[in-house]
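Pasted below: structure08.cif, mmCIF, C-alpha atoms and all ligand atoms.
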data_model
#
loop_
_atom_site.label_atom_id
_atom_site.label_comp_id
_atom_site.auth_asym_id
_atom_site.auth_seq_id
_atom_site.Cartn_x
_atom_site.Cartn_y
_atom_site.Cartn_z
CA MET A 1134 1.37 41.44 4.31
CA GLU A 1135 -1.89 43.19 5.15
CA LEU A 1136 -4.67 41.16 6.69
CA ASP A 1137 -7.11 41.56 3.80
CA VAL A 1138 -4.42 40.46 1.32
CA ILE A 1139 -3.79 37.34 3.43
CA ARG A 1140 -7.54 36.74 3.59
CA THR A 1141 -7.89 37.02 -0.20
CA LEU A 1142 -4.95 34.65 -0.73
CA SER A 1143 -6.45 32.18 1.76
CA ASN A 1144 -9.82 32.30 -0.03
CA LEU A 1145 -8.14 31.79 -3.39
CA SER A 1146 -6.03 28.97 -1.98
CA LEU A 1147 -9.09 27.23 -0.52
CA PHE A 1148 -10.96 27.60 -3.83
CA LEU A 1149 -8.03 26.12 -5.81
CA GLN A 1150 -7.70 23.24 -3.34
CA VAL A 1151 -11.36 22.30 -3.72
CA ILE A 1152 -11.19 22.57 -7.54
CA ALA A 1153 -7.99 20.47 -7.57
CA PHE A 1154 -9.64 17.73 -5.52
CA LEU A 1155 -12.66 17.67 -7.86
CA MET A 1156 -10.19 17.35 -10.77
CA LEU A 1157 -8.57 14.43 -9.00
CA VAL A 1158 -11.93 12.70 -8.53
CA TYR A 1159 -12.66 13.24 -12.23
CA ALA A 1160 -9.17 11.89 -13.13
CA ILE A 1161 -9.93 8.76 -11.11
CA LYS A 1162 -13.16 8.30 -13.10
CA LEU A 1163 -11.15 8.75 -16.35
CA LYS A 1164 -9.28 5.53 -15.59
CA THR A 1165 -12.00 3.66 -17.48
CA GLU A 1166 -11.23 5.74 -20.62
CA GLY A 1167 -7.49 5.07 -20.56
CA ILE A 1168 -4.45 5.53 -18.40
CA ASP A 1169 -3.21 8.54 -20.42
CA GLN A 1170 -6.39 10.49 -19.77
CA HIS A 1171 -6.16 9.53 -16.12
CA ALA A 1172 -2.52 10.69 -15.90
CA ARG A 1173 -3.30 13.99 -17.64
CA GLY A 1174 -6.22 14.72 -15.32
CA ALA A 1175 -4.22 13.86 -12.20
CA SER A 1176 -1.29 16.04 -13.39
CA LEU A 1177 -3.66 18.96 -13.86
CA ALA A 1178 -4.89 18.52 -10.27
CA VAL A 1179 -1.27 18.55 -9.06
CA PHE A 1180 -0.45 21.72 -11.07
CA THR A 1181 -3.50 23.40 -9.55
CA ILE A 1182 -2.28 22.92 -5.97
CA ILE A 1183 1.26 24.23 -6.62
CA PRO A 1184 0.43 27.93 -5.95
CA THR A 1185 -1.50 26.97 -2.81
CA ILE A 1186 1.46 24.92 -1.53
CA LEU A 1187 3.71 27.96 -2.07
CA PHE A 1188 1.21 30.07 -0.12
CA MET A 1189 1.12 27.54 2.74
CA PHE A 1190 4.92 27.47 2.97
CA TYR A 1191 4.94 31.27 2.91
CA SER A 1192 2.46 31.23 5.82
CA ILE A 1193 4.73 28.88 7.76
CA SER A 1194 7.71 31.17 7.11
CA GLN A 1195 5.66 34.01 8.65
CA GLY A 1196 5.09 31.88 11.76
CA PHE A 1197 1.43 31.01 11.06
CA GLN A 1198 -0.19 29.37 14.11
CA LEU A 1199 -3.74 28.68 15.17
CA ALA A 1200 -5.09 30.36 18.31
CA SER A 1201 -6.79 27.07 19.24
CA TYR A 1202 -6.88 23.44 18.05
CA GLY A 1203 -3.17 23.63 17.11
CA ILE A 1204 -3.15 19.83 16.73
CA VAL A 1205 -5.33 20.14 13.58
CA LEU A 1206 -2.65 22.28 11.88
CA LEU A 1207 0.09 19.91 13.03
CA LEU A 1208 -1.71 16.86 11.59
CA HIS A 1209 -2.59 18.81 8.43
CA ARG A 1210 1.07 19.64 7.84
CA LEU A 1211 2.15 16.07 8.55
CA LEU A 1212 -0.42 14.39 6.28
CA GLY A 1213 -0.01 17.09 3.60
CA SER A 1214 3.74 16.43 3.56
CA ILE A 1215 3.11 12.70 3.05
CA VAL A 1216 0.78 13.55 0.12
CA LEU A 1217 3.53 15.74 -1.38
CA ILE A 1218 6.06 12.90 -1.06
CA PHE A 1219 3.63 10.55 -2.85
CA ILE A 1220 3.10 13.15 -5.60
CA ILE A 1221 6.88 13.47 -6.10
CA LEU A 1222 7.20 9.66 -6.32
CA PHE A 1223 4.36 9.51 -8.90
CA VAL A 1224 5.61 12.32 -11.14
CA THR A 1225 9.18 10.99 -11.09
CA ASN A 1226 7.90 7.54 -12.12
CA ARG A 1227 9.22 5.58 -9.14
CA TRP A 1228 7.38 2.47 -10.28
CA ARG A 1229 7.85 0.69 -6.97
CA PHE A 1230 5.61 3.36 -5.44
CA LYS A 1231 3.36 3.93 -8.43
CA LYS A 1232 0.88 1.12 -7.83
CA LYS A 1233 -2.86 1.32 -7.30
CA VAL A 1234 -2.52 0.78 -3.55
CA HIS A 1235 -0.19 3.80 -3.25
CA MET A 1236 -2.55 5.95 -5.32
CA ASP A 1237 -5.46 4.87 -3.11
CA ILE A 1238 -3.51 5.81 0.01
CA ALA A 1239 -2.45 9.16 -1.52
CA THR A 1240 -6.05 9.96 -2.54
CA GLY A 1241 -7.35 9.10 0.94
CA LEU A 1242 -4.65 11.21 2.62
CA TRP A 1243 -5.26 14.08 0.16
CA MET A 1244 -8.97 14.04 1.10
CA VAL A 1245 -8.25 14.00 4.86
CA THR A 1246 -5.64 16.78 4.41
CA LEU A 1247 -8.15 18.87 2.46
CA ILE A 1248 -10.83 18.42 5.16
CA MET A 1249 -8.27 19.42 7.82
CA GLY A 1250 -7.20 22.41 5.68
CA ILE A 1251 -10.84 23.55 5.54
CA ILE A 1252 -11.02 23.21 9.34
CA VAL A 1253 -7.72 25.19 9.64
CA TYR A 1254 -9.31 27.90 7.47
CA LEU A 1255 -12.49 27.99 9.60
CA ILE A 1256 -10.50 28.18 12.85
CA SER A 1257 -8.07 30.85 11.59
CA PHE A 1258 -10.88 33.18 10.49
CA GLY A 1259 -12.86 32.62 13.68
CA TYR A 1260 -15.73 30.55 12.24
CA ILE A 1261 -14.79 27.86 14.79
CA ALA A 1262 -13.76 29.23 18.18
C1 LIG B 1301 -2.28 18.04 -0.78
C2 LIG B 1301 -1.84 18.64 0.30
C3 LIG B 1301 -2.53 19.79 0.97
C4 LIG B 1301 -3.83 20.21 0.90
C5 LIG B 1301 -4.99 19.61 0.08
C6 LIG B 1301 -3.96 21.38 1.75
C7 LIG B 1301 -5.12 22.12 1.94
C8 LIG B 1301 -5.22 23.28 2.69
C9 LIG B 1301 -6.37 24.15 2.76
C10 LIG B 1301 -7.70 23.92 2.02
C11 LIG B 1301 -6.07 25.18 3.61
C12 LIG B 1301 -6.99 26.34 4.02
C13 LIG B 1301 -6.95 27.44 2.96
C14 LIG B 1301 -5.67 28.22 3.03
O1 LIG B 1301 -5.55 29.07 3.91
O2 LIG B 1301 -4.77 27.93 2.22
C15 LIG B 1301 -4.71 24.99 4.08
C16 LIG B 1301 -4.01 25.83 4.93
C17 LIG B 1301 -2.73 25.63 5.39
N1 LIG B 1301 -1.92 24.56 5.10
FE1 LIG B 1301 -2.31 23.10 3.73
N2 LIG B 1301 -2.74 21.62 2.35
C18 LIG B 1301 -1.84 20.68 1.91
C19 LIG B 1301 -0.50 20.56 2.26
C20 LIG B 1301 0.13 21.31 3.24
C21 LIG B 1301 1.50 21.14 3.65
C22 LIG B 1301 2.46 20.09 3.08
C23 LIG B 1301 1.75 22.06 4.62
C24 LIG B 1301 3.00 22.33 5.41
C25 LIG B 1301 3.95 21.44 5.65
C26 LIG B 1301 0.54 22.84 4.81
C27 LIG B 1301 0.39 23.90 5.70
C28 LIG B 1301 -0.70 24.74 5.75
C29 LIG B 1301 -0.74 25.99 6.50
C30 LIG B 1301 0.38 26.58 7.35
C31 LIG B 1301 -2.01 26.55 6.26
C32 LIG B 1301 -2.57 27.90 6.77
C33 LIG B 1301 -2.33 28.91 5.70
C34 LIG B 1301 -2.93 30.28 5.96
O3 LIG B 1301 -4.15 30.45 5.91
O4 LIG B 1301 -2.15 31.23 6.21
N3 LIG B 1301 -0.44 22.36 3.96
N4 LIG B 1301 -4.21 23.83 3.51
#
Rewrite the coordinates I just gave you, this time as structure tokens.
Amino acid sequence: MELDVIRTLSNLSLFLQVIAFLMLVYAIKLKTEGIDQHARGASLAVFTIIPTILFMFYSISQGFQLASYGIVLLLHRLLGSIVLIFIILFVTNRWRFKKKVHMDIATGLWMVTLIMGIIVYLISFGYIA
């Protein structure tokens, strides 16, 4: 793919990731209104990241690497994979893993993964040398 196409997809992906996280924060607030509202909001956040996850896996298939700070990408991929596993457990109603403590861990990891993703973005486009 051409570089400006990749850049546009990366920008879009970053935008969707930030919006999805804001949705998640809102879904957490909705807990006080009822568990159904909370579940609907959280599901919407998960749907929003699906295209970005596809893009990230596409990038990996193309051999995406960082010129520097490779460890950030490695940790991002590791933590992001743990978040995905939690999401799968939540949406498939594995009740043993669908407790508040697991959701707190998943939210914390999602936030750290997002911050690392933003750093990956800044490194890959040369904003951080
Ligand atoms: C909830 C989980 C995740 C979040 C919030 C997240 C967030 C982000 C963000 C914001 C970026 C920078 C924007 C972009 O280029 O897309 C990014 C890039 C990237 N992420 Fe993730 N990510 C997650 C999961 C994963 C997973 C599971 C993997 C791989 C196992 C992964 C691999 C990558 C790669 C390779 C890039 C660079 C893509 C590129 O610009 O070409 N991410 N991620």
### Query
So which one's closest to Ala1262 in chain A, A:Leu1247, A:Leu1199, A:Ile1238, A:Leu1206? Using only C-alpha atoms, please.
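Checking each candidate against Ala1262 in chain A, we get A:Leu1199 as the closest.
What separates CA of Lys1232 in chain A from CA of Phe1219 in chain A is a distance of 11.0 Å.
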#### Entry: Neighbourhood of ligand LIG 1301 (chain B) at 9 Å, counting only C-alpha atoms and all ligand atoms, reported as a PyMOL selection string
chain A and resi 1139-1140+1142-1151+1153-1154+1179+1182+1185-1186+1188-1199+1206-1207+1209-1217+1220+1239+1242-1255+1257-1258
### Query
What separation in Å, quoted to one decimal, exists between CA of Asn1226 in chain A and CA of Ser1176 in chain A?
12.6 Å
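Put simply, CA of Leu1222 in chain A is 21.3 Å away from CA of Leu1208 in chain A.
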### Using only C-alpha atoms: which of A:Val1224, A:Val1205, A:Leu1177, A:Ala1160 has the shortest distance to Thr1240 in chain A
A:Ala1160
### Message
Counting only C-alpha atoms, I want the residues whose atoms come within 12 Å of (-7.7, 7.9, -14.3) in the file frame, returned as a list in words.
### Response
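Checked against the point, the hits come out as Met1156, Leu1157, Val1158, Tyr1159, Ala1160, Ile1161, Lys1162, Leu1163, Lys1164, Thr1165, Glu1166, Gly1167, Ile1168, Asp1169, Gln1170, His1171, Ala1172, Arg1173, Gly1174, Ala1175, Ser1176, Leu1177, Ala1178, Lys1233, Met1236 and Asp1237 of chain A.
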### Query
Which one of A:Ile1218, A:Gly1259, A:Leu1187, A:Val1234 sits closest to Ala1200 in chain A if you count all atoms listed in the file?
A:Gly1259
### Query
Using all atoms listed in the file, which of the listed residues (A:Leu1136, A:Ile1204, A:Ile1256, A:Phe1223) sits closest to His1235 in chain A?
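Closest residue, counting all atoms listed in the file: A:Phe1223.
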### Query
Of the residues A:Gly1241, A:Ser1201, A:Trp1228, A:Asp1137, which is the one nearest to Ile1261 in chain A, using all atoms listed in the file?
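Closest to Ile1261 in chain A, using all atoms listed in the file: A:Ser1201.
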